[in-house]
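Trainee: Next comes input04.txt, compact mmCIF, C-alpha atoms:
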```txt
# COMPACT_ATOMS: atom_id res chain seq x y z
CA MET A 213 -69.34 0.45 -19.15
CA GLU A 214 -70.87 -1.54 -22.03
CA ASN A 215 -72.20 -4.93 -21.04
CA ARG A 216 -70.74 -7.34 -23.59
CA LEU A 217 -71.51 -11.03 -23.79
CA VAL A 218 -68.58 -13.36 -23.29
CA ASP A 219 -68.11 -16.52 -25.33
CA SER A 220 -67.66 -19.74 -23.45
CA PRO A 221 -64.48 -21.59 -24.54
CA GLN A 222 -66.66 -24.04 -26.49
CA ALA A 223 -68.49 -21.20 -28.29
CA ALA A 224 -65.22 -19.40 -29.10
CA ASN A 225 -63.79 -22.58 -30.62
CA LEU A 226 -67.02 -23.16 -32.54
CA LYS A 227 -66.88 -19.65 -34.04
CA GLN A 228 -63.34 -20.33 -35.23
CA ARG A 229 -64.40 -23.63 -36.82
CA ILE A 230 -67.39 -22.00 -38.54
CA SER A 231 -65.22 -19.17 -39.87
CA ALA A 232 -62.69 -21.67 -41.22
CA GLU A 233 -65.47 -23.73 -42.81
CA MET A 234 -66.96 -20.67 -44.51
CA ALA A 235 -63.51 -19.59 -45.73
CA GLU A 236 -63.02 -23.01 -47.30
CA ALA A 237 -66.43 -22.81 -49.00
CA HIS A 238 -65.56 -19.31 -50.25
CA GLU A 239 -62.25 -20.53 -51.68
CA LYS A 240 -64.06 -23.30 -53.59
CA GLY A 241 -66.70 -20.88 -54.90
CA MET A 242 -69.38 -22.78 -52.97
CA ALA A 243 -70.30 -20.19 -50.34
CA VAL A 244 -73.97 -19.26 -50.17
CA TRP A 245 -73.20 -15.64 -51.13
CA GLN A 246 -71.58 -16.93 -54.35
CA LEU A 247 -74.76 -18.59 -55.63
CA PRO A 248 -76.49 -17.29 -58.78
CA VAL A 249 -78.92 -14.46 -58.01
CA GLU A 250 -81.94 -16.61 -58.93
CA ASP A 251 -80.91 -19.13 -56.24
CA MET A 252 -80.46 -16.37 -53.65
CA GLU A 253 -84.10 -15.41 -54.25
CA LYS A 254 -85.18 -18.69 -52.58
CA PHE A 255 -83.77 -17.83 -49.15
CA HIS A 256 -85.58 -16.58 -46.08
CA LEU A 257 -84.02 -15.63 -42.76
CA PRO A 258 -83.43 -18.82 -40.69
CA MET A 259 -85.78 -19.20 -37.76
CA ASN A 260 -86.93 -21.49 -34.94
CA PRO A 261 -90.74 -21.51 -35.25
CA THR A 262 -91.17 -23.35 -31.93
CA PHE A 263 -89.40 -20.72 -29.82
CA PHE A 264 -91.58 -19.59 -26.91
CA ASN A 265 -91.82 -15.79 -26.71
CA GLY A 266 -93.62 -15.72 -23.39
CA SER A 267 -96.97 -14.07 -22.66
CA ASP A 268 -98.30 -10.54 -23.00
CA LYS A 269 -99.53 -8.35 -20.13
CA ASP A 270 -102.93 -10.02 -20.30
CA GLY A 271 -101.42 -13.46 -19.90
CA ASN A 272 -102.03 -14.51 -23.50
CA ARG A 273 -99.31 -16.57 -25.14
CA LYS A 274 -97.39 -14.52 -27.73
CA GLU A 275 -96.94 -15.72 -31.29
CA PRO A 276 -94.10 -18.28 -31.32
CA GLY A 277 -90.97 -18.04 -33.41
CA ARG A 278 -87.54 -16.47 -33.28
CA TYR A 279 -85.29 -15.46 -36.15
CA TYR A 280 -81.55 -16.02 -36.18
CA SER A 281 -79.32 -13.07 -37.10
CA ASN A 282 -75.78 -12.00 -37.98
CA GLY A 283 -73.17 -14.74 -38.56
CA VAL A 284 -75.44 -17.51 -37.27
CA ALA A 285 -78.06 -16.61 -39.90
CA MET A 286 -75.47 -16.61 -42.70
CA TYR A 287 -74.04 -19.94 -41.53
CA LEU A 288 -77.48 -21.57 -41.30
CA MET A 289 -78.30 -20.38 -44.82
CA GLN A 290 -75.07 -22.05 -45.96
CA LYS A 291 -76.04 -25.29 -44.22
CA GLN A 292 -79.62 -25.25 -45.51
CA HIS A 293 -78.24 -24.83 -49.05
CA GLU A 294 -75.91 -27.79 -48.55
CA ILE A 295 -78.72 -29.90 -47.09
CA SER A 296 -80.99 -29.00 -50.03
CA GLN A 297 -78.45 -30.63 -52.34
CA LEU A 298 -78.98 -33.97 -50.58
CA LYS A 299 -81.59 -36.43 -51.84
CA ASP A 300 -84.28 -38.42 -50.10
CA ALA A 301 -84.95 -42.15 -50.54
CA GLU A 302 -86.91 -41.45 -53.74
CA GLY A 303 -84.05 -39.48 -55.28
CA ASN A 304 -85.64 -36.04 -54.84
CA HIS A 305 -83.66 -33.09 -53.51
CA LEU A 306 -84.57 -32.08 -49.97
CA LYS A 307 -86.49 -28.85 -49.48
CA ASN A 308 -84.54 -25.61 -49.06
CA ASP A 309 -86.06 -24.99 -45.63
CA ASN A 310 -85.21 -22.05 -43.37
CA ARG A 311 -86.74 -23.64 -40.25
CA TRP A 312 -84.45 -25.11 -37.61
CA MET A 313 -85.43 -26.93 -34.42
CA PRO A 314 -83.06 -27.43 -31.48
CA LEU A 315 -82.07 -31.09 -31.42
CA PHE A 316 -83.02 -31.47 -27.76
CA GLU A 317 -86.57 -30.28 -28.57
CA ALA A 318 -86.88 -32.75 -31.43
CA LYS A 319 -85.65 -35.62 -29.25
CA LYS A 320 -87.97 -34.88 -26.35
CA SER A 321 -91.04 -34.49 -28.58
CA ASN A 322 -93.37 -37.44 -28.85
CA TYR A 323 -94.24 -36.84 -32.50
CA LEU A 324 -90.95 -36.10 -34.33
CA ASP A 325 -88.02 -38.25 -35.39
CA PRO A 326 -84.88 -36.74 -36.94
CA ALA A 327 -83.84 -38.72 -40.03
CA PRO A 328 -81.12 -41.30 -39.22
CA ASP A 329 -78.67 -39.43 -41.47
CA ALA A 330 -79.80 -35.94 -40.42
CA VAL A 331 -77.13 -33.23 -40.54
CA ILE A 332 -76.71 -31.82 -37.04
CA VAL A 333 -75.53 -28.20 -37.04
CA SER A 334 -73.88 -26.53 -34.03
CA ILE A 335 -74.15 -22.76 -33.55
CA PRO A 336 -73.02 -20.25 -30.91
CA TYR A 337 -76.14 -19.28 -28.98
CA LYS A 338 -77.20 -17.04 -26.07
CA PHE A 339 -79.63 -18.94 -23.85
CA ARG A 340 -82.08 -17.01 -21.71
CA ASN A 341 -80.80 -16.02 -18.29
CA LYS A 342 -77.24 -17.01 -19.23
CA GLU A 343 -74.32 -14.59 -19.16
CA LYS A 344 -72.25 -16.39 -21.77
CA VAL A 345 -72.67 -17.39 -25.39
CA GLU A 346 -72.71 -21.17 -25.43
CA THR A 347 -73.44 -23.80 -28.10
CA LEU A 348 -76.67 -25.23 -29.45
CA LYS A 349 -77.31 -28.13 -31.82
CA LEU A 350 -79.98 -27.75 -34.50
CA VAL A 351 -81.69 -29.99 -37.03
CA ASN A 352 -83.31 -28.70 -40.23
CA TYR A 353 -87.04 -29.22 -40.76
CA SER A 354 -86.33 -30.95 -44.09
CA GLN A 355 -84.79 -33.80 -42.05
CA LEU A 356 -87.53 -34.13 -39.44
CA ASN A 357 -90.04 -36.96 -39.88
CA PRO A 358 -93.41 -36.59 -38.12
CA ARG A 359 -94.75 -39.83 -36.68
CA PRO A 360 -97.98 -41.26 -38.14
CA GLY A 361 -100.92 -38.98 -37.46
CA TYR A 362 -98.76 -35.90 -36.76
CA HIS A 363 -97.52 -32.95 -38.80
CA LEU A 364 -94.52 -30.64 -38.54
CA PRO A 365 -95.21 -27.42 -36.61
CA LYS A 366 -96.03 -24.55 -38.96
CA ALA A 367 -94.12 -21.29 -38.95
CA SER A 368 -95.46 -17.75 -38.71
CA PHE A 369 -93.27 -15.52 -40.83
CA LYS A 370 -93.18 -11.90 -39.70
CA GLU A 371 -93.35 -9.31 -42.46
CA GLU A 372 -90.53 -7.24 -40.98
CA TYR A 373 -88.12 -10.15 -41.53
CA ARG A 374 -89.44 -11.32 -44.90
CA ASP A 375 -86.77 -11.10 -47.64
CA VAL A 376 -84.03 -10.21 -45.12
CA GLY A 377 -82.24 -13.52 -45.75
CA LYS A 378 -81.90 -13.12 -49.50
CA ILE A 379 -81.02 -9.43 -49.12
CA MET A 380 -78.20 -10.45 -46.72
CA LEU A 381 -76.70 -12.62 -49.45
CA THR A 382 -76.35 -9.69 -51.85
CA ARG A 383 -75.62 -6.82 -49.46
CA ASN A 384 -72.34 -7.95 -47.91
CA SER A 385 -68.59 -7.49 -48.31
CA PHE A 386 -67.73 -11.10 -49.12
CA THR A 387 -67.92 -10.62 -52.89
CA THR A 388 -69.31 -7.53 -54.61
CA LYS A 389 -68.64 -4.23 -52.87
CA GLU A 390 -69.83 -1.61 -55.37
CA TYR A 391 -73.52 -0.93 -56.08
CA THR A 392 -75.72 1.73 -57.57
CA GLU A 393 -79.26 2.47 -56.42
CA GLU A 394 -82.10 3.30 -58.80
CA ASN A 395 -85.68 3.72 -57.62
CA GLY A 396 -84.91 1.75 -54.48
CA VAL A 397 -83.47 -1.20 -56.42
CA LYS A 398 -79.83 -2.29 -56.06
CA HIS A 399 -77.70 -2.93 -59.17
CA LYS A 400 -74.15 -4.25 -59.34
CA VAL A 401 -71.73 -1.87 -61.09
CA GLU A 402 -70.52 -3.53 -64.28
CA GLY A 403 -67.02 -4.95 -63.81
CA SER A 404 -66.90 -3.99 -60.12
CA GLU A 405 -66.71 -7.43 -58.54
CA LYS A 406 -64.03 -7.47 -55.83
CA CYS A 407 -63.64 -10.75 -54.00
CA ILE A 408 -61.96 -10.83 -50.64
CA THR A 409 -59.54 -13.66 -49.88
CA PRO A 410 -60.41 -16.82 -47.93
CA ASP A 411 -58.14 -15.59 -45.13
CA GLU A 412 -60.22 -12.41 -44.87
CA VAL A 413 -63.37 -14.52 -44.62
CA LYS A 414 -61.72 -16.66 -41.95
CA GLU A 415 -60.77 -13.60 -39.93
CA GLY A 416 -63.93 -11.55 -40.42
CA PHE A 417 -66.84 -13.91 -41.14
CA PHE A 418 -68.94 -12.99 -38.10
CA ASP A 419 -68.24 -9.25 -38.37
CA ILE A 420 -69.08 -9.11 -42.09
CA SER A 421 -72.22 -11.21 -41.57
CA LYS A 422 -73.37 -8.90 -38.78
CA LYS A 423 -72.99 -5.87 -41.05
CA ALA A 424 -74.83 -7.73 -43.82
CA PHE A 425 -77.73 -8.43 -41.46
CA TYR A 426 -78.12 -4.81 -40.39
CA SER A 427 -77.65 -3.61 -43.97
CA ALA A 428 -80.47 -5.94 -45.06
CA ARG A 429 -82.78 -4.64 -42.32
CA LEU A 430 -82.08 -1.02 -43.30
CA TYR A 431 -82.48 -1.79 -47.00
CA LYS A 432 -85.80 -3.53 -46.42
CA ALA A 433 -87.05 -0.58 -44.37
CA SER A 434 -86.10 1.87 -47.15
CA LEU A 435 -87.69 -0.42 -49.75
CA GLU A 436 -90.96 -0.50 -47.81
CA GLU A 437 -90.91 3.29 -47.66
CA PHE A 438 -90.32 3.39 -51.41
CA LYS A 439 -93.26 1.03 -52.02
CA GLN A 440 -95.54 3.25 -49.93
CA GLN A 441 -94.49 6.31 -51.92
CA LYS A 442 -95.32 4.48 -55.13
CA ARG A 443 -98.70 3.26 -53.90
CA ASP A 444 -100.66 6.34 -55.00
CA GLU A 445 -98.90 6.33 -58.36
CA TYR A 446 -99.75 2.64 -58.78
CA ILE A 447 -103.44 3.24 -58.10
CA ALA A 448 -103.59 6.31 -60.37
CA GLU A 449 -101.88 4.57 -63.30
CA ARG A 450 -103.64 1.24 -63.04
CA GLY A 451 -106.52 2.31 -65.28
CA LYS A 452 -104.55 2.37 -68.50
CA TYR A 453 -102.93 -0.98 -67.69
CA ASP A 454 -106.32 -2.50 -66.96
CA GLU A 455 -107.46 -1.42 -70.42
CA ALA A 456 -104.49 -3.18 -72.00
CA PHE A 457 -105.18 -6.19 -69.78
CA LYS A 458 -108.76 -6.39 -71.09
CA GLU A 459 -107.62 -6.08 -74.71
CA ARG A 460 -105.16 -8.94 -74.31
CA GLU A 461 -107.70 -11.10 -72.49
CA ASP A 462 -110.28 -10.42 -75.23
CA PHE A 463 -107.72 -11.47 -77.85
CA ILE A 464 -107.11 -14.78 -76.05
CA LEU A 465 -110.80 -15.52 -75.66
CA GLY A 466 -111.54 -14.54 -79.26
CA TYR A 467 -108.59 -16.42 -80.74
CA PHE A 468 -110.67 -19.38 -81.89
CA ASN A 469 -113.42 -17.18 -83.30
CA GLU A 470 -111.19 -15.66 -85.94
CA GLU A 471 -111.86 -17.24 -89.31
CA GLY A 472 -109.52 -20.14 -89.98
CA ARG A 473 -107.37 -19.42 -86.97
CA HIS A 474 -108.44 -22.48 -85.02
CA ASP A 475 -107.85 -24.73 -88.05
CA ARG A 476 -104.25 -23.62 -88.61
CA LYS A 477 -101.71 -25.91 -87.00
CA PRO A 478 -99.14 -23.98 -84.91
CA ALA A 479 -95.69 -24.32 -86.44
CA THR A 480 -93.26 -22.65 -84.03
CA LYS A 481 -92.68 -23.06 -80.29
CA GLU A 482 -94.12 -19.59 -79.73
CA GLU A 483 -97.25 -20.33 -81.78
CA LYS A 484 -97.72 -23.59 -79.87
CA PHE A 485 -97.51 -21.69 -76.57
CA LEU A 486 -100.06 -19.09 -77.71
CA PHE A 487 -102.40 -21.75 -79.14
CA ASN A 488 -102.20 -23.74 -75.91
CA LEU A 489 -102.74 -20.60 -73.81
CA CYS A 490 -105.87 -19.66 -75.76
CA GLU A 491 -107.16 -23.23 -75.79
CA ASN A 492 -106.72 -23.54 -72.01
CA ALA A 493 -108.48 -20.22 -71.40
CA VAL A 494 -111.46 -21.09 -73.57
CA TYR A 495 -111.85 -24.56 -72.05
CA GLN A 496 -111.55 -23.12 -68.54
CA LEU A 497 -114.48 -20.77 -69.14
CA VAL A 498 -116.53 -23.39 -70.98
CA GLU A 499 -116.28 -25.69 -67.98
CA LYS A 500 -117.37 -22.92 -65.62
CA ASP A 501 -120.18 -20.41 -65.57
CA GLU A 502 -120.05 -18.10 -68.58
CA ASN A 503 -119.54 -15.13 -66.26
CA ALA A 504 -116.64 -16.77 -64.42
CA GLN A 505 -113.30 -14.99 -64.27
CA LEU A 506 -110.18 -16.62 -65.66
CA ASP A 507 -107.63 -17.69 -63.06
CA SER A 508 -103.92 -18.22 -63.64
CA SER A 509 -104.18 -22.00 -64.13
CA TYR A 510 -104.56 -21.63 -67.91
CA ILE A 511 -101.24 -19.74 -68.04
CA ILE A 512 -99.53 -22.16 -65.67
CA ASP A 513 -100.65 -25.14 -67.76
CA ALA A 514 -99.42 -23.55 -70.98
CA ALA A 515 -96.05 -22.81 -69.38
CA LYS A 516 -95.76 -26.37 -68.05
CA ASN A 517 -96.57 -27.86 -71.47
CA SER A 518 -93.85 -25.75 -73.09
CA LEU A 519 -91.32 -26.73 -70.42
CA LYS A 520 -92.20 -30.41 -70.85
CA SER A 521 -91.67 -30.12 -74.60
CA GLY A 522 -88.13 -28.84 -74.00
CA VAL A 523 -88.58 -25.07 -74.33
CA ALA A 524 -86.03 -23.24 -72.15
CA GLU A 525 -87.26 -21.55 -68.97
CA LYS A 526 -85.97 -18.18 -70.19
CA THR A 527 -87.98 -18.54 -73.41
CA VAL A 528 -91.16 -19.58 -71.60
CA LYS A 529 -90.88 -16.51 -69.37
CA LYS A 530 -90.58 -14.38 -72.52
CA TYR A 531 -93.80 -15.93 -73.91
CA ILE A 532 -95.64 -15.32 -70.62
CA THR A 533 -94.61 -11.67 -70.64
CA LYS A 534 -95.65 -11.30 -74.27
CA TYR A 535 -99.07 -12.98 -74.10
CA ALA A 536 -100.40 -13.33 -70.52
CA PRO A 537 -102.82 -10.47 -69.71
CA GLU A 538 -101.48 -9.96 -66.18
CA ALA A 539 -97.99 -9.32 -67.58
CA VAL A 540 -99.07 -5.97 -69.07
CA ARG A 541 -98.89 -4.58 -65.54
CA ASP A 542 -95.21 -5.54 -65.08
CA GLU A 543 -93.92 -2.02 -65.63
CA LEU A 544 -96.36 -0.67 -63.07
CA LYS A 545 -95.65 -3.45 -60.56
CA GLU A 546 -91.88 -3.00 -60.93
CA SER A 547 -92.24 0.69 -60.16
CA ALA A 548 -93.80 -0.38 -56.86
CA GLY A 549 -91.09 -2.95 -56.17
CA ARG A 550 -93.18 -6.02 -57.01
CA MET A 551 -92.32 -9.23 -58.88
CA LYS A 552 -92.79 -9.61 -62.64
CA TYR A 553 -95.69 -11.86 -63.59
CA ALA A 554 -93.51 -14.35 -65.49
CA ASP A 555 -91.27 -14.70 -62.42
CA TYR A 556 -94.35 -15.21 -60.25
CA ILE A 557 -95.68 -17.99 -62.51
CA MET A 558 -92.29 -19.70 -62.80
CA ASP A 559 -91.73 -19.52 -59.05
CA GLY A 560 -94.99 -21.40 -58.48
CA ILE A 561 -94.05 -24.04 -61.06
CA LYS A 562 -90.68 -24.56 -59.40
CA ARG A 563 -92.42 -25.28 -56.12
CA ASP A 564 -94.64 -27.91 -57.75
CA LYS A 565 -92.86 -31.11 -56.71
CA ALA A 566 -95.21 -33.32 -58.70
CA PHE A 567 -94.41 -31.41 -61.89
CA GLN A 568 -90.68 -31.50 -61.14
CA LYS A 569 -90.92 -35.27 -60.83
CA GLU A 570 -92.96 -35.48 -64.02
CA CYS A 571 -90.32 -33.51 -65.90
CA GLY A 572 -87.61 -35.73 -64.46
CA LYS A 573 -85.46 -32.78 -63.46
CA ALA A 574 -85.49 -29.70 -61.26
CA LEU A 575 -85.98 -26.36 -63.00
```
Reformat the file's structure so that it appears as structure tokens.

Mentor:
Amino acid sequence: MENRLVDSPQAANLKQRISAEMAEAHEKGMAVWQLPVEDMEKFHLPMNPTFFNGSDKDGNRKEPGRYYSNGVAMYLMQKQHEISQLKDAEGNHLKNDNRWMPLFEAKKSNYLDPAPDAVIVSIPYKFRNKEKVETLKLVNYSQLNPRPGYHLPKASFKEEYRDVGKIMLTRNSFTTKEYTEENGVKHKVEGSEKCITPDEVKEGFFDISKKAFYSARLYKASLEEFKQQKRDEYIAERGKYDEAFKEREDFILGYFNEEGRHDRKPATKEEKFLFNLCENAVYQLVEKDENAQLDSSYIIDAAKNSLKSGVAEKTVKKYITKYAPEAVRDELKESAGRMKYADYIMDGIKRDKAFQKECGKAL
């Protein structure tokens, strides 16, 4: 006979409350699986980085950390999204943080203080050596304040769980049900969106979330296999892309050597971006050894300057793809399941809190 866990009465009631809460969010169009795709890209699987995993056979302490799964993971992603919409005392949005510490651990620590207005989240949880699913209160890392001289514990993210959170948000039955697969990449069928009702979410939240979790794990495994298959192709084809890379880099470095080019004032937004890109590259090498290699800071600075001048993010990404040397490898990287260079640059800029503050708005 299968050994099934039994919910305590408190855990059973909590599951009902969570399902009702998620159904209400779904009805309002505010559920985490209804976010724009670019926002879903920011999510990782929720985890407790302080969880003690015991010791190995040699008595050495195992790497700490435990990931949440199924409906609990989906619910915590919902709560971390809601918390990230809150603002701190300086008016900045809180970090979209996937790390959660049990409240009792935070309270008994001698170096952490939950914020006075911290959102406390209750989840159904199976404690070690317990026969029933009970309840556990959690606080998000974005609302934990280390005391002077201390720092928040760091997390070790395991590769096997990387990207599972954001994949869960797209591979579920809450919204879109029909997909096509091409080269290991999922695409939504045009006009195929089928939304289930809030009542269906209320009745099936934990079951659907569980299927989404296992679907994400399977999808990630198949994607890794696809990447491995493409590895040899990537290495074999890289030569021709490297040649194009060198040509584009030579153009940037030679931009000011062309007769009259450096004297002509750029007129359009695109010309200003290219001029700034070339200028940054030349200055970067002048300040370093003449044999130094360019790093991405000259591209990042050009992108930031365009964003500050009011150029739309979409347009800046187009300029990066058109002019940045690394972007010539996008086709090759995409074939191996990797991120486009413009997306990589923009992702880094979005994480730059100082720049966000300088711009006066979040990108």

Trainee: Name the closest residue to Lys442 in chain A among the candidates A:Leu257, A:Leu544, A:Ala456, A:Ala493; distances are taken between atoms, counting all atoms listed in the file.

Mentor: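 The shortest atom-to-atom distance to Lys442 in chain A comes from A:Leu544.
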
Trainee: Please identify every residue of range 431-495 of chain A that has at least one atom no farther than 6 Å from an atom of range 518-537 of chain A, counting only C-alpha atoms, and for each give the shortest atom pair and the distance in Å to one decimal, arranged by chain then increasing number, as CSV.

Mentor:
```
residue,atom,partner,partner_atom,distance
A:Phe457,CA,A:Pro537,CA,4.9
A:Arg460,CA,A:Pro537,CA,5.4
A:Glu461,CA,A:Pro537,CA,5.7
```

Trainee: Hey, what's within 12 Å of Tyr337 in chain A if we count only C-alpha atoms and toss same-chain stuff fewer than 3 positions away? As a PyMOL selection string, please?

Mentor: chain A and resi 217-220+222-224+226-227+280-285+314+334+340+342-350

Trainee: Could you save the residues just selected, with C-alpha atoms, as a PDB file, in the coordinates of the input?

Mentor:
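Dumped to out_20.pdb:
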```pdb
ATOM      1  CA  LEU A 217     -71.510 -11.030 -23.790  1.00  0.00           C
ATOM      2  CA  VAL A 218     -68.580 -13.360 -23.290  1.00  0.00           C
ATOM      3  CA  ASP A 219     -68.110 -16.520 -25.330  1.00  0.00           C
ATOM      4  CA  SER A 220     -67.660 -19.740 -23.450  1.00  0.00           C
ATOM      5  CA  GLN A 222     -66.660 -24.040 -26.490  1.00  0.00           C
ATOM      6  CA  ALA A 223     -68.490 -21.200 -28.290  1.00  0.00           C
ATOM      7  CA  ALA A 224     -65.220 -19.400 -29.100  1.00  0.00           C
ATOM      8  CA  LEU A 226     -67.020 -23.160 -32.540  1.00  0.00           C
ATOM      9  CA  LYS A 227     -66.880 -19.650 -34.040  1.00  0.00           C
ATOM     10  CA  TYR A 280     -81.550 -16.020 -36.180  1.00  0.00           C
ATOM     11  CA  SER A 281     -79.320 -13.070 -37.100  1.00  0.00           C
ATOM     12  CA  ASN A 282     -75.780 -12.000 -37.980  1.00  0.00           C
ATOM     13  CA  GLY A 283     -73.170 -14.740 -38.560  1.00  0.00           C
ATOM     14  CA  VAL A 284     -75.440 -17.510 -37.270  1.00  0.00           C
ATOM     15  CA  ALA A 285     -78.060 -16.610 -39.900  1.00  0.00           C
ATOM     16  CA  PRO A 314     -83.060 -27.430 -31.480  1.00  0.00           C
ATOM     17  CA  SER A 334     -73.880 -26.530 -34.030  1.00  0.00           C
ATOM     18  CA  ARG A 340     -82.080 -17.010 -21.710  1.00  0.00           C
ATOM     19  CA  LYS A 342     -77.240 -17.010 -19.230  1.00  0.00           C
ATOM     20  CA  GLU A 343     -74.320 -14.590 -19.160  1.00  0.00           C
ATOM     21  CA  LYS A 344     -72.250 -16.390 -21.770  1.00  0.00           C
ATOM     22  CA  VAL A 345     -72.670 -17.390 -25.390  1.00  0.00           C
ATOM     23  CA  GLU A 346     -72.710 -21.170 -25.430  1.00  0.00           C
ATOM     24  CA  THR A 347     -73.440 -23.800 -28.100  1.00  0.00           C
ATOM     25  CA  LEU A 348     -76.670 -25.230 -29.450  1.00  0.00           C
ATOM     26  CA  LYS A 349     -77.310 -28.130 -31.820  1.00  0.00           C
ATOM     27  CA  LEU A 350     -79.980 -27.750 -34.500  1.00  0.00           C
TER      28      LEU A 350
END
```

Trainee: What gap, in Å, lies between CA of Val331 in chain A and CA of Pro410 in chain A?

Mentor: 24.6 Å

Trainee: Using only C-alpha atoms, can you tell me which of A:Pro336, A:Ser547, A:Ala566, A:Gly466 comes closest to Gln441 in chain A?

Mentor: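 Selected residue with least distance to Gln441 in chain A: A:Ser547.
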
Trainee: Would you work out the distance separating CA of Pro358 in chain A from CA of Asn260 in chain A, expressed in Å to one decimal?

Mentor: 16.7 Å

Trainee: Quick one: residues within 9 Å of Gly377 in chain A, only C-alpha atoms, excluding same-chain residues fewer than 2 positions away - as a PyMOL selection string?

Mentor: chain A and resi 252-253+255-258+285-286+289+373-375+379-381+425+428

Trainee: Expressed in Å to a single decimal, how great is the separation between CA of Ala424 in chain A and CA of Arg550 in chain A?

Mentor: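 One can read the CA of Ala424 in chain A to CA of Arg550 in chain A distance as 22.7 Å.
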
Trainee: Considering all atoms listed in the file, state which residue in the set A:Asn357, A:Asn310, A:Asn272, A:Thr409 is at the smallest distance from Ser385 in chain A.

Mentor: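 Going through A:Asn357, A:Asn310, A:Asn272, A:Thr409 one by one, the smallest distance to Ser385 in chain A is for A:Thr409.
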
Trainee: In terms of the shortest atom-to-atom distance over all atoms listed in the file, which of A:Ile512, A:Glu372, A:Leu356, A:Asn308 is closest to Ser434 in chain A?

Mentor: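 Counting all atoms listed in the file, the residue closest to Ser434 in chain A is A:Glu372.
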
Trainee: Can you tell me, as a ChimeraX atom specification, what residues are no more than 12 Å from Met551 in chain A when counting all atoms listed in the file, ignoring any on the same chain fewer than 5 positions away?

Mentor: /A:253,538-539,541-546,556-559

Trainee: Please produce, as a tab-separated table, a per-residue contact table for range 277-359 of chain A versus range 239-246 of chain A (criterion: any atom at most 9 Å away, only C-alpha atoms considered), showing the nearest atom pair and its distance in Å to one decimal, sorted by chain then residue number.

Mentor:
```
residue	atom	partner	partner_atom	distance
A:Met286	CA	A:Val244	CA	8.1
A:Tyr287	CA	A:Val244	CA	8.7
A:Met289	CA	A:Val244	CA	7.0
A:Gln290	CA	A:Val244	CA	5.2
A:Lys291	CA	A:Val244	CA	8.7
A:His293	CA	A:Val244	CA	7.1
A:Glu294	CA	A:Val244	CA	8.9
```

Trainee: For the residues in the current selection, export C-alpha atoms as a PDB file, in the coordinates of the input.

Mentor:
```pdb
ATOM      1  CA  MET A 286     -75.470 -16.610 -42.700  1.00  0.00           C
ATOM      2  CA  TYR A 287     -74.040 -19.940 -41.530  1.00  0.00           C
ATOM      3  CA  MET A 289     -78.300 -20.380 -44.820  1.00  0.00           C
ATOM      4  CA  GLN A 290     -75.070 -22.050 -45.960  1.00  0.00           C
ATOM      5  CA  LYS A 291     -76.040 -25.290 -44.220  1.00  0.00           C
ATOM      6  CA  HIS A 293     -78.240 -24.830 -49.050  1.00  0.00           C
ATOM      7  CA  GLU A 294     -75.910 -27.790 -48.550  1.00  0.00           C
TER       8      GLU A 294
END
```

Trainee: Go through A:Asn488, A:Gln297, A:Asn304, A:Thr262 one by one, measure the shortest atom-to-atom distance of each to Tyr279 in chain A using all atoms listed in the file, and give the residue with the smallest value.

Mentor: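 Smallest separation from Tyr279 in chain A among the options: A:Thr262.
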